[in-house]
file protein21.txt (compact mmCIF, C-alpha atoms and all ligand atoms)
# COMPACT_ATOMS: atom_id res chain seq x y z
CA MET A 177 161.54 106.33 -13.11
CA MET A 178 163.88 106.32 -16.10
CA GLN A 179 162.49 106.48 -19.64
CA MET A 180 162.64 102.88 -20.86
CA ASN A 181 162.91 101.75 -24.46
CA ARG A 182 160.53 98.81 -24.87
CA ASP A 183 162.12 97.75 -28.15
CA LYS A 184 165.59 97.23 -26.74
CA ALA A 185 167.10 94.22 -24.97
CA LEU A 186 170.35 93.51 -23.14
CA VAL A 187 171.82 90.03 -23.57
CA VAL A 188 174.18 88.60 -20.95
CA PHE A 189 176.68 87.33 -23.47
CA SER A 190 179.58 84.95 -22.86
CA GLY A 191 180.19 83.98 -26.48
CA GLY A 192 179.19 80.36 -25.86
CA GLN A 193 176.54 78.28 -27.61
CA ASP A 194 173.70 79.23 -25.29
CA SER A 195 174.20 82.97 -25.06
CA THR A 196 174.92 83.24 -28.79
CA THR A 197 171.61 81.51 -29.52
CA CYS A 198 170.01 84.01 -27.12
CA LEU A 199 171.70 86.91 -28.93
CA TYR A 200 170.06 85.85 -32.20
CA TRP A 201 166.77 85.19 -30.40
CA ALA A 202 166.90 88.75 -29.05
CA LYS A 203 167.69 90.13 -32.52
CA LYS A 204 164.51 88.48 -33.77
CA HIS A 205 162.31 89.79 -30.96
CA PHE A 206 163.69 93.30 -30.35
CA LYS A 207 164.57 96.21 -32.64
CA GLU A 208 167.79 96.95 -30.80
CA VAL A 209 170.08 94.55 -28.97
CA VAL A 210 173.05 95.24 -26.72
CA ALA A 211 175.42 92.46 -25.59
CA LEU A 212 177.28 92.58 -22.28
CA THR A 213 180.23 90.25 -21.61
CA PHE A 214 181.60 89.78 -18.12
CA LEU A 215 185.28 89.22 -17.44
CA TYR A 216 185.54 87.21 -14.24
CA GLY A 217 188.96 85.62 -14.48
CA GLN A 218 188.01 82.81 -16.86
CA LYS A 219 190.96 80.53 -17.59
CA HIS A 220 190.37 81.10 -21.26
CA ALA A 221 190.14 84.74 -22.22
CA ILE A 222 189.73 83.52 -25.80
CA GLU A 223 186.00 83.32 -24.99
CA VAL A 224 185.96 87.09 -24.68
CA ASP A 225 187.68 87.65 -28.05
CA TYR A 226 185.16 85.35 -29.68
CA ALA A 227 182.27 87.10 -27.95
CA GLY A 228 183.44 90.40 -29.47
CA LYS A 229 183.73 88.86 -32.93
CA ILE A 230 180.26 87.29 -32.75
CA ALA A 231 178.70 90.56 -31.58
CA GLN A 232 180.35 92.38 -34.48
CA LYS A 233 179.14 89.75 -36.97
CA ALA A 234 175.62 90.00 -35.52
CA GLY A 235 175.73 93.80 -35.80
CA VAL A 236 175.12 94.24 -32.10
CA GLU A 237 176.53 96.88 -29.76
CA TRP A 238 179.01 95.14 -27.45
CA HIS A 239 180.27 96.01 -23.98
CA GLN A 240 182.70 94.25 -21.66
CA MET A 241 182.75 94.59 -17.91
CA ASP A 242 185.43 93.49 -15.48
CA VAL A 243 183.87 91.62 -12.55
CA SER A 244 186.97 89.61 -11.64
CA PHE A 245 186.29 90.21 -7.94
CA ILE A 246 183.87 87.27 -8.27
CA SER A 247 186.78 84.87 -8.74
CA GLN A 248 188.42 86.13 -5.57
CA LEU A 249 185.38 85.27 -3.46
CA SER A 250 185.50 81.50 -3.84
CA ARG A 251 187.54 78.66 -5.30
CA ASN A 252 186.25 77.01 -8.44
CA ALA A 253 187.72 75.14 -11.37
CA LEU A 254 186.69 77.66 -14.03
CA VAL A 255 189.10 80.29 -12.75
CA ASP A 256 191.59 78.34 -10.59
CA LYS A 257 194.40 77.10 -12.81
CA GLY A 258 195.46 74.58 -10.16
CA MET A 259 192.13 72.80 -10.11
CA VAL A 260 191.01 70.02 -12.44
CA MET A 261 187.38 70.30 -13.52
CA ASP A 262 184.91 67.63 -12.49
CA SER A 263 184.02 65.69 -15.61
CA VAL A 264 180.98 64.15 -13.96
CA LYS A 265 178.78 65.76 -11.37
CA PRO A 266 179.61 64.41 -7.90
CA ALA A 267 176.61 62.59 -6.38
CA ASP A 268 176.55 64.58 -3.16
CA ALA A 269 177.89 68.00 -4.16
CA LEU A 270 177.88 70.70 -6.81
CA PRO A 271 180.48 70.29 -9.56
CA ASN A 272 183.68 72.27 -8.89
CA THR A 273 182.95 74.31 -12.02
CA PHE A 274 180.16 76.02 -10.08
CA VAL A 275 180.94 79.69 -9.42
CA PRO A 276 178.82 80.61 -6.39
CA GLY A 277 176.68 83.66 -7.02
CA ARG A 278 177.72 84.03 -10.66
CA ASN A 279 174.29 84.48 -12.18
CA LEU A 280 173.15 86.50 -9.18
CA PHE A 281 176.02 88.95 -9.75
CA PHE A 282 175.81 88.89 -13.54
CA LEU A 283 172.07 89.57 -13.73
CA SER A 284 172.13 92.17 -10.96
CA ILE A 285 174.98 94.05 -12.64
CA ALA A 286 173.30 93.61 -16.03
CA ALA A 287 170.09 95.13 -14.65
CA VAL A 288 171.88 98.22 -13.33
CA PHE A 289 173.74 98.55 -16.63
CA ALA A 290 170.48 98.09 -18.57
CA ARG A 291 168.69 100.69 -16.45
CA GLU A 292 171.41 103.24 -17.23
CA HIS A 293 170.85 102.55 -20.91
CA GLY A 294 167.05 102.76 -20.64
CA ILE A 295 166.63 99.02 -21.20
CA CYS A 296 164.18 96.87 -19.23
CA HIS A 297 164.45 93.59 -21.15
CA LEU A 298 167.25 91.26 -20.01
CA VAL A 299 168.05 88.03 -21.83
CA THR A 300 170.03 85.14 -20.34
CA GLY A 301 170.84 81.66 -21.64
CA VAL A 302 170.30 79.73 -18.41
CA SER A 303 168.51 76.39 -18.67
CA GLN A 304 166.94 74.28 -15.99
CA THR A 305 166.96 71.27 -18.33
CA ASP A 306 170.75 71.06 -18.59
CA PHE A 307 171.52 72.90 -15.39
CA SER A 308 174.37 70.59 -14.34
CA GLY A 309 173.30 71.03 -10.74
CA TYR A 310 173.82 74.81 -10.76
CA PRO A 311 171.06 76.22 -8.56
CA ASP A 312 171.26 79.67 -10.15
CA CYS A 313 170.18 78.30 -13.54
CA ARG A 314 166.77 77.30 -12.23
CA ASP A 315 163.54 79.03 -13.19
CA ALA A 316 162.56 79.70 -9.56
CA PHE A 317 165.82 81.59 -8.99
CA ILE A 318 165.35 83.72 -12.12
CA LYS A 319 161.72 84.57 -11.24
CA SER A 320 162.71 85.40 -7.69
CA LEU A 321 165.58 87.63 -8.83
CA ASN A 322 163.28 89.37 -11.34
CA VAL A 323 160.98 90.38 -8.48
CA THR A 324 163.97 91.45 -6.37
CA LEU A 325 165.44 93.62 -9.16
CA ASN A 326 162.10 95.34 -9.69
CA LEU A 327 161.83 96.05 -5.96
CA ALA A 328 165.44 97.20 -5.78
CA MET A 329 165.25 99.73 -8.61
CA GLU A 330 161.55 100.47 -9.13
CA GLU A 331 161.75 99.46 -12.76
CA GLN A 332 159.74 96.73 -14.40
CA PHE A 333 162.53 94.54 -15.69
CA VAL A 334 161.63 91.42 -17.66
CA ILE A 335 164.18 88.61 -17.59
CA HIS A 336 163.81 86.45 -20.71
CA THR A 337 165.11 82.88 -20.62
CA PRO A 338 164.51 81.39 -24.10
CA LEU A 339 166.43 78.21 -23.23
CA MET A 340 164.94 77.52 -19.79
CA TRP A 341 162.90 74.46 -20.76
CA ILE A 342 164.79 73.14 -23.76
CA ASP A 343 167.76 70.76 -23.95
CA LYS A 344 170.98 71.10 -25.95
CA CYS A 345 169.46 69.39 -29.01
CA GLN A 346 166.56 71.84 -29.05
CA THR A 347 169.00 74.71 -28.52
CA TRP A 348 170.73 73.68 -31.78
CA GLU A 349 167.31 73.52 -33.42
CA LEU A 350 166.46 77.01 -32.18
CA ALA A 351 169.79 78.39 -33.47
CA ASP A 352 169.05 76.81 -36.83
CA HIS A 353 165.56 78.34 -36.98
CA LEU A 354 167.09 81.72 -36.15
CA GLY A 355 169.56 81.35 -39.03
CA ALA A 356 172.48 81.15 -36.61
CA PHE A 357 173.47 77.48 -36.84
CA ASP A 358 176.83 78.10 -38.57
CA VAL A 359 177.78 81.00 -36.31
CA VAL A 360 177.00 78.93 -33.23
CA ARG A 361 178.81 75.87 -34.50
CA GLN A 362 181.96 77.64 -35.74
CA ASP A 363 182.38 80.86 -33.79
CA THR A 364 181.31 80.07 -30.23
CA VAL A 365 183.46 78.86 -27.35
CA THR A 366 181.64 76.49 -25.00
CA CYS A 367 184.62 74.25 -24.18
CA TYR A 368 186.08 74.39 -20.66
CA ASN A 369 189.52 74.03 -22.28
CA GLY A 370 188.97 77.09 -24.44
CA VAL A 371 188.90 75.34 -27.83
CA PRO A 372 186.47 77.15 -30.18
CA GLY A 373 183.77 75.50 -32.31
CA ASP A 374 183.42 71.78 -31.72
CA GLY A 375 185.93 72.13 -28.86
CA CYS A 376 188.29 69.65 -27.19
CA GLY A 377 185.62 66.95 -27.27
CA HIS A 378 186.43 65.65 -23.77
CA CYS A 379 185.33 68.18 -21.17
CA PRO A 380 181.76 68.07 -19.78
CA ALA A 381 180.73 71.17 -21.74
CA CYS A 382 181.98 69.65 -25.02
CA GLN A 383 180.27 66.34 -24.29
CA LEU A 384 176.94 68.01 -23.57
CA ARG A 385 177.26 70.21 -26.66
CA ARG A 386 178.26 67.30 -28.91
CA GLU A 387 175.48 64.99 -27.67
CA GLY A 388 172.95 67.70 -28.45
CA LEU A 389 174.48 68.38 -31.85
CA GLU A 390 174.58 64.70 -32.82
CA LYS A 391 170.97 64.27 -31.80
CA TYR A 392 169.92 67.35 -33.75
CA LEU A 393 171.86 66.42 -36.90
CA LEU A 394 170.33 62.96 -36.75
CA MET A 395 166.90 64.57 -36.56
CA ARG A 396 167.78 66.73 -39.56
CA GLY A 397 168.95 63.60 -41.34
CA GLU A 398 172.69 64.33 -41.33
CA SER A 399 175.53 62.67 -39.53
CA CYS A 400 178.02 64.64 -37.45
CA ARG A 401 181.09 63.92 -39.55
ZN ZN A 501 186.03 70.88 -24.26

call {"tool": "encode", "arguments": {"input": "protein21.txt", "output": "structure tokens"}}
result
Amino acid sequence: MMQMNRDKALVVFSGGQDSTTCLYWAKKHFKEVVALTFLYGQKHAIEVDYAGKIAQKAGVEWHQMDVSFISQLSRNALVDKGMVMDSVKPADALPNTFVPGRNLFFLSIAAVFAREHGICHLVTGVSQTDFSGYPDCRDAFIKSLNVTLNLAMEEQFVIHTPLMWIDKCQTWELADHLGAFDVVRQDTVTCYNGVPGDGCGHCPACQLRREGLEKYLLMRGESCR
């Protein structure tokens, strides 16, 4: 077995609200944090630039990895410029923003990468609460994959999911408690149309983010504007 550093964590880092909150969560819980950003043919490469800037601001070692083969495996609206994204989840199907196998590939690749760097702690921003119908954001999938990764590589990986049981409002609250509210609000890209910060305001990702923010600001006694 490789020599593992118990004080070090790898964050699967897209530069969005959720993974940025996780980056700051990891900084609080581990001495050393490494962020890994996957390039998979996103329509908006701006996400990747922002991810790099956030990592630099957070003082975290940052790596990018090209996994664009994922976008060649299936059609989905996140990478296919000819497809319009579902704004509401269809009743009988997954939204067309679903990238089949994405978290399976991301976490498997992250685990191999982590192992090479002597890291056993993996952090991901998936949430079952706001999972938009994506099966690979569910807790059962993450726990199952954790067991599989350990069996595959004979390491004792621990996948941390700080956002699994909280909603978008509580995610804002967590970011605030971690001292990362402004970074998350201004420097992250969650928007499906690639608009940073508060985003385009119309796409499903912006709506979810804004609803959570409004609820949180109301709780804090401020209005959104
Ligand atoms: Zn948007």

call {"tool": "closest_atom_pairs", "arguments": {"input": "protein21.txt", "of": "chain A", "to": "ligand ZN 501 (chain A)", "cutoff": "12 Å", "atoms": "all atoms listed in the file", "output": "JSON lines"}}
result
{"residue": "A:Gly192", "atom": "CA", "partner": "A:ZN501", "partner_atom": "ZN", "distance": 11.8}
{"residue": "A:His220", "atom": "CA", "partner": "A:ZN501", "partner_atom": "ZN", "distance": 11.5}
{"residue": "A:Met261", "atom": "CA", "partner": "A:ZN501", "partner_atom": "ZN", "distance": 10.8}
{"residue": "A:Ser263", "atom": "CA", "partner": "A:ZN501", "partner_atom": "ZN", "distance": 10.3}
{"residue": "A:Thr364", "atom": "CA", "partner": "A:ZN501", "partner_atom": "ZN", "distance": 11.9}
{"residue": "A:Val365", "atom": "CA", "partner": "A:ZN501", "partner_atom": "ZN", "distance": 8.9}
{"residue": "A:Thr366", "atom": "CA", "partner": "A:ZN501", "partner_atom": "ZN", "distance": 7.2}
{"residue": "A:Cys367", "atom": "CA", "partner": "A:ZN501", "partner_atom": "ZN", "distance": 3.7}
{"residue": "A:Tyr368", "atom": "CA", "partner": "A:ZN501", "partner_atom": "ZN", "distance": 5.0}
{"residue": "A:Asn369", "atom": "CA", "partner": "A:ZN501", "partner_atom": "ZN", "distance": 5.1}
{"residue": "A:Gly370", "atom": "CA", "partner": "A:ZN501", "partner_atom": "ZN", "distance": 6.9}
{"residue": "A:Val371", "atom": "CA", "partner": "A:ZN501", "partner_atom": "ZN", "distance": 6.4}
{"residue": "A:Pro372", "atom": "CA", "partner": "A:ZN501", "partner_atom": "ZN", "distance": 8.6}
{"residue": "A:Gly373", "atom": "CA", "partner": "A:ZN501", "partner_atom": "ZN", "distance": 9.6}
{"residue": "A:Asp374", "atom": "CA", "partner": "A:ZN501", "partner_atom": "ZN", "distance": 8.0}
{"residue": "A:Gly375", "atom": "CA", "partner": "A:ZN501", "partner_atom": "ZN", "distance": 4.8}
{"residue": "A:Cys376", "atom": "CA", "partner": "A:ZN501", "partner_atom": "ZN", "distance": 3.9}
{"residue": "A:Gly377", "atom": "CA", "partner": "A:ZN501", "partner_atom": "ZN", "distance": 5.0}
{"residue": "A:His378", "atom": "CA", "partner": "A:ZN501", "partner_atom": "ZN", "distance": 5.3}
{"residue": "A:Cys379", "atom": "CA", "partner": "A:ZN501", "partner_atom": "ZN", "distance": 4.2}
{"residue": "A:Pro380", "atom": "CA", "partner": "A:ZN501", "partner_atom": "ZN", "distance": 6.8}
{"residue": "A:Ala381", "atom": "CA", "partner": "A:ZN501", "partner_atom": "ZN", "distance": 5.9}
{"residue": "A:Cys382", "atom": "CA", "partner": "A:ZN501", "partner_atom": "ZN", "distance": 4.3}
{"residue": "A:Gln383", "atom": "CA", "partner": "A:ZN501", "partner_atom": "ZN", "distance": 7.3}
{"residue": "A:Leu384", "atom": "CA", "partner": "A:ZN501", "partner_atom": "ZN", "distance": 9.6}
{"residue": "A:Arg385", "atom": "CA", "partner": "A:ZN501", "partner_atom": "ZN", "distance": 9.1}
{"residue": "A:Arg386", "atom": "CA", "partner": "A:ZN501", "partner_atom": "ZN", "distance": 9.7}

call {"tool": "residues_around", "arguments": {"input": "protein21.txt", "residues": "segment 198-203 of chain A", "least_positions_apart": "3", "cutoff": "8 Å", "atoms": "only C-alpha atoms", "output": "JSON, numbers by chain"}}
result
{"A": [185, 187, 189, 194, 195, 206, 207, 208, 209, 211, 234, 299, 300, 301, 338, 339, 351, 354, 356]}

call {"tool": "residues_near_point", "arguments": {"input": "protein21.txt", "point": "(178.0, 80.6, -7.4)", "cutoff": "10 Å", "atoms": "all atoms listed in the file", "output": "NGL selection string"}}
result
:A and (246-247 or 249-252 or 270 or 273-281 or 310-312)

call {"tool": "residues_around", "arguments": {"input": "protein21.txt", "residues": "Gln304 of chain A", "least_positions_apart": "5", "cutoff": "6 Å", "atoms": "all atoms listed in the file", "output": "PDB file with C-alpha atoms, in the frame of the given file"}}
result
ATOM      1  CA  CYS A 313     170.180  78.300 -13.540  1.00  0.00           C
ATOM      2  CA  ARG A 314     166.770  77.300 -12.230  1.00  0.00           C
ATOM      3  CA  MET A 340     164.940  77.520 -19.790  1.00  0.00           C
TER       4      MET A 340
END

call {"tool": "atom_distance", "arguments": {"input": "protein21.txt", "atom1": "atom CA of His353 of chain A", "atom2": "atom CA of Val224 of chain A"}}
result
25.4 Å

call {"tool": "residues_around", "arguments": {"input": "protein21.txt", "residues": "Met241 of chain A", "least_positions_apart": "6", "cutoff": "7 Å", "atoms": "all atoms listed in the file", "output": "list in words"}}
result
Thr213, Phe214 and Leu215 of chain A

call {"tool": "residues_around", "arguments": {"input": "protein21.txt", "residues": "Ala286 of chain A", "least_positions_apart": "4", "cutoff": "9 Å", "atoms": "all atoms listed in the file", "output": "JSON, numbers by chain"}}
result
{"A": [186, 187, 188, 212, 281, 282, 290, 291, 298]}

call {"tool": "atom_distance", "arguments": {"input": "protein21.txt", "atom1": "atom CA of Gln332 of chain A", "atom2": "atom CA of Phe317 of chain A"}}
result
17.2 Å

call {"tool": "closest_residue", "arguments": {"input": "protein21.txt", "among": "A:Thr337, A:Val243, A:Gln362, A:Val236", "to": "Ala316 of chain A", "atoms": "all atoms listed in the file"}}
result
A:Thr337

call {"tool": "axis_aligned_box", "arguments": {"input": "protein21.txt", "around": "segment 328-331 of chain A", "padding_each_side": "8 Å", "output": "JSON"}}
result
{"center_x": 163.5, "center_y": 98.8, "center_z": -9.3, "size_x": 19.9, "size_y": 19.3, "size_z": 23.0}

call {"tool": "residues_around", "arguments": {"input": "protein21.txt", "residues": "Ser284 of chain A", "least_positions_apart": "6", "cutoff": "10 Å", "atoms": "only C-alpha atoms", "output": "ChimeraX atom specification"}}
result
/A:278,290,321-322,324-325,328

call {"tool": "residues_near_point", "arguments": {"input": "protein21.txt", "point": "(168.3, 71.4, -28.8)", "cutoff": "10 Å", "atoms": "only C-alpha atoms", "output": "ChimeraX atom specification"}}
result
/A:339,342-352,385,387-389,391-392

call {"tool": "write_last_selection", "arguments": {"input": "protein21.txt", "atoms": "C-alpha atoms", "output": "PDB file, in the coordinates of the input"}}
result
ATOM      1  CA  LEU A 339     166.430  78.210 -23.230  1.00  0.00           C
ATOM      2  CA  ILE A 342     164.790  73.140 -23.760  1.00  0.00           C
ATOM      3  CA  ASP A 343     167.760  70.760 -23.950  1.00  0.00           C
ATOM      4  CA  LYS A 344     170.980  71.100 -25.950  1.00  0.00           C
ATOM      5  CA  CYS A 345     169.460  69.390 -29.010  1.00  0.00           C
ATOM      6  CA  GLN A 346     166.560  71.840 -29.050  1.00  0.00           C
ATOM      7  CA  THR A 347     169.000  74.710 -28.520  1.00  0.00           C
ATOM      8  CA  TRP A 348     170.730  73.680 -31.780  1.00  0.00           C
ATOM      9  CA  GLU A 349     167.310  73.520 -33.420  1.00  0.00           C
ATOM     10  CA  LEU A 350     166.460  77.010 -32.180  1.00  0.00           C
ATOM     11  CA  ALA A 351     169.790  78.390 -33.470  1.00  0.00           C
ATOM     12  CA  ASP A 352     169.050  76.810 -36.830  1.00  0.00           C
ATOM     13  CA  ARG A 385     177.260  70.210 -26.660  1.00  0.00           C
ATOM     14  CA  GLU A 387     175.480  64.990 -27.670  1.00  0.00           C
ATOM     15  CA  GLY A 388     172.950  67.700 -28.450  1.00  0.00           C
ATOM     16  CA  LEU A 389     174.480  68.380 -31.850  1.00  0.00           C
ATOM     17  CA  LYS A 391     170.970  64.270 -31.800  1.00  0.00           C
ATOM     18  CA  TYR A 392     169.920  67.350 -33.750  1.00  0.00           C
TER      19      TYR A 392
END

call {"tool": "atom_distance", "arguments": {"input": "protein21.txt", "atom1": "atom CA of Lys319 of chain A", "atom2": "atom CA of Phe245 of chain A"}}
result
25.4 Å

call {"tool": "closest_residue", "arguments": {"input": "protein21.txt", "among": "A:Ser190, A:Thr196, A:Gln240, A:Asn326", "to": "Val359 of chain A", "atoms": "all atoms listed in the file"}}
result
A:Thr196

call {"tool": "build_atoms", "arguments": {"input": "protein21.txt", "residues": "segment 327-338 of chain A", "atoms": "all heavy atoms", "output": "PDB file, keeping the file's coordinate frame"}}
result
ATOM      1  N   LEU A 327     161.979  95.386  -7.263  1.00  0.00           N
ATOM      2  CA  LEU A 327     161.830  96.050  -5.960  1.00  0.00           C
ATOM      3  C   LEU A 327     163.038  96.920  -5.649  1.00  0.00           C
ATOM      4  O   LEU A 327     162.920  97.975  -5.033  1.00  0.00           O
ATOM      5  CB  LEU A 327     161.652  95.000  -4.859  1.00  0.00           C
ATOM      6  CG  LEU A 327     160.329  94.232  -4.859  1.00  0.00           C
ATOM      7  CD1 LEU A 327     160.385  93.076  -3.869  1.00  0.00           C
ATOM      8  CD2 LEU A 327     159.165  95.167  -4.530  1.00  0.00           C
ATOM      9  N   ALA A 328     164.213  96.474  -6.105  1.00  0.00           N
ATOM     10  CA  ALA A 328     165.440  97.200  -5.780  1.00  0.00           C
ATOM     11  C   ALA A 328     165.548  98.512  -6.543  1.00  0.00           C
ATOM     12  O   ALA A 328     166.103  99.490  -6.043  1.00  0.00           O
ATOM     13  CB  ALA A 328     166.662  96.326  -6.103  1.00  0.00           C
ATOM     14  N   MET A 329     165.015  98.544  -7.774  1.00  0.00           N
ATOM     15  CA  MET A 329     165.250  99.730  -8.610  1.00  0.00           C
ATOM     16  C   MET A 329     163.983 100.403  -9.113  1.00  0.00           C
ATOM     17  O   MET A 329     164.062 101.342  -9.890  1.00  0.00           O
ATOM     18  CB  MET A 329     166.164  99.353  -9.782  1.00  0.00           C
ATOM     19  CG  MET A 329     167.597  99.169  -9.330  1.00  0.00           C
ATOM     20  SD  MET A 329     168.675  98.587 -10.643  1.00  0.00           S
ATOM     21  CE  MET A 329     168.505  96.821 -10.495  1.00  0.00           C
ATOM     22  N   GLU A 330     162.831  99.898  -8.697  1.00  0.00           N
ATOM     23  CA  GLU A 330     161.550 100.470  -9.130  1.00  0.00           C
ATOM     24  C   GLU A 330     161.423 100.554 -10.637  1.00  0.00           C
ATOM     25  O   GLU A 330     160.892 101.510 -11.168  1.00  0.00           O
ATOM     26  CB  GLU A 330     161.342 101.843  -8.502  1.00  0.00           C
ATOM     27  CG  GLU A 330     160.952 101.718  -7.039  1.00  0.00           C
ATOM     28  CD  GLU A 330     159.786 102.626  -6.675  1.00  0.00           C
ATOM     29  OE1 GLU A 330     160.010 103.775  -6.295  1.00  0.00           O
ATOM     30  OE2 GLU A 330     158.645 102.132  -6.770  1.00  0.00           O
ATOM     31  N   GLU A 331     161.988  99.581 -11.324  1.00  0.00           N
ATOM     32  CA  GLU A 331     161.750  99.460 -12.760  1.00  0.00           C
ATOM     33  C   GLU A 331     161.028  98.147 -12.964  1.00  0.00           C
ATOM     34  O   GLU A 331     161.082  97.262 -12.112  1.00  0.00           O
ATOM     35  CB  GLU A 331     163.073  99.424 -13.541  1.00  0.00           C
ATOM     36  CG  GLU A 331     163.920 100.664 -13.441  1.00  0.00           C
ATOM     37  CD  GLU A 331     163.262 101.900 -14.041  1.00  0.00           C
ATOM     38  OE1 GLU A 331     162.244 101.759 -14.749  1.00  0.00           O
ATOM     39  OE2 GLU A 331     163.784 103.001 -13.786  1.00  0.00           O
ATOM     40  N   GLN A 332     160.355  98.009 -14.095  1.00  0.00           N
ATOM     41  CA  GLN A 332     159.740  96.730 -14.400  1.00  0.00           C
ATOM     42  C   GLN A 332     160.630  95.979 -15.387  1.00  0.00           C
ATOM     43  O   GLN A 332     160.425  96.011 -16.587  1.00  0.00           O
ATOM     44  CB  GLN A 332     158.319  96.930 -14.959  1.00  0.00           C
ATOM     45  CG  GLN A 332     157.353  97.456 -13.913  1.00  0.00           C
ATOM     46  CD  GLN A 332     157.306  96.578 -12.659  1.00  0.00           C
ATOM     47  OE1 GLN A 332     156.998  95.399 -12.738  1.00  0.00           O
ATOM     48  NE2 GLN A 332     157.639  97.145 -11.498  1.00  0.00           N
ATOM     49  N   PHE A 333     161.664  95.352 -14.842  1.00  0.00           N
ATOM     50  CA  PHE A 333     162.530  94.540 -15.690  1.00  0.00           C
ATOM     51  C   PHE A 333     161.784  93.260 -16.087  1.00  0.00           C
ATOM     52  O   PHE A 333     160.935  92.764 -15.342  1.00  0.00           O
ATOM     53  CB  PHE A 333     163.806  94.127 -14.942  1.00  0.00           C
ATOM     54  CG  PHE A 333     164.727  95.272 -14.639  1.00  0.00           C
ATOM     55  CD1 PHE A 333     164.813  95.767 -13.340  1.00  0.00           C
ATOM     56  CD2 PHE A 333     165.502  95.848 -15.632  1.00  0.00           C
ATOM     57  CE1 PHE A 333     165.663  96.833 -13.046  1.00  0.00           C
ATOM     58  CE2 PHE A 333     166.348  96.905 -15.350  1.00  0.00           C
ATOM     59  CZ  PHE A 333     166.431  97.401 -14.055  1.00  0.00           C
ATOM     60  N   VAL A 334     162.128  92.738 -17.256  1.00  0.00           N
ATOM     61  CA  VAL A 334     161.630  91.420 -17.660  1.00  0.00           C
ATOM     62  C   VAL A 334     162.836  90.581 -18.018  1.00  0.00           C
ATOM     63  O   VAL A 334     163.591  90.926 -18.936  1.00  0.00           O
ATOM     64  CB  VAL A 334     160.681  91.516 -18.886  1.00  0.00           C
ATOM     65  CG1 VAL A 334     160.115  90.135 -19.206  1.00  0.00           C
ATOM     66  CG2 VAL A 334     159.557  92.512 -18.634  1.00  0.00           C
ATOM     67  N   ILE A 335     163.062  89.511 -17.254  1.00  0.00           N
ATOM     68  CA  ILE A 335     164.180  88.610 -17.590  1.00  0.00           C
ATOM     69  C   ILE A 335     163.650  87.532 -18.522  1.00  0.00           C
ATOM     70  O   ILE A 335     162.748  86.778 -18.158  1.00  0.00           O
ATOM     71  CB  ILE A 335     164.796  87.968 -16.334  1.00  0.00           C
ATOM     72  CG1 ILE A 335     165.226  89.043 -15.321  1.00  0.00           C
ATOM     73  CG2 ILE A 335     165.992  87.096 -16.721  1.00  0.00           C
ATOM     74  CD1 ILE A 335     165.873  88.481 -14.045  1.00  0.00           C
ATOM     75  N   HIS A 336     164.208  87.470 -19.729  1.00  0.00           N
ATOM     76  CA  HIS A 336     163.810  86.450 -20.710  1.00  0.00           C
ATOM     77  C   HIS A 336     164.800  85.293 -20.669  1.00  0.00           C
ATOM     78  O   HIS A 336     166.009  85.510 -20.668  1.00  0.00           O
ATOM     79  CB  HIS A 336     163.789  87.044 -22.121  1.00  0.00           C
ATOM     80  CG  HIS A 336     162.844  88.194 -22.278  1.00  0.00           C
ATOM     81  ND1 HIS A 336     161.550  88.024 -22.699  1.00  0.00           N
ATOM     82  CD2 HIS A 336     163.007  89.524 -22.046  1.00  0.00           C
ATOM     83  CE1 HIS A 336     160.953  89.216 -22.746  1.00  0.00           C
ATOM     84  NE2 HIS A 336     161.817  90.136 -22.347  1.00  0.00           N
ATOM     85  N   THR A 337     164.263  84.081 -20.662  1.00  0.00           N
ATOM     86  CA  THR A 337     165.110  82.880 -20.620  1.00  0.00           C
ATOM     87  C   THR A 337     164.662  81.912 -21.724  1.00  0.00           C
ATOM     88  O   THR A 337     164.007  80.910 -21.438  1.00  0.00           O
ATOM     89  CB  THR A 337     165.002  82.182 -19.247  1.00  0.00           C
ATOM     90  OG1 THR A 337     163.602  81.932 -18.986  1.00  0.00           O
ATOM     91  CG2 THR A 337     165.577  83.011 -18.128  1.00  0.00           C
ATOM     92  N   PRO A 338     165.029  82.203 -22.981  1.00  0.00           N
ATOM     93  CA  PRO A 338     164.510  81.390 -24.100  1.00  0.00           C
ATOM     94  C   PRO A 338     164.907  79.916 -24.027  1.00  0.00           C
ATOM     95  O   PRO A 338     164.262  79.082 -24.651  1.00  0.00           O
ATOM     96  CB  PRO A 338     165.136  82.040 -25.344  1.00  0.00           C
ATOM     97  CG  PRO A 338     165.745  83.319 -24.899  1.00  0.00           C
ATOM     98  CD  PRO A 338     165.914  83.286 -23.428  1.00  0.00           C
TER      99      PRO A 338
END
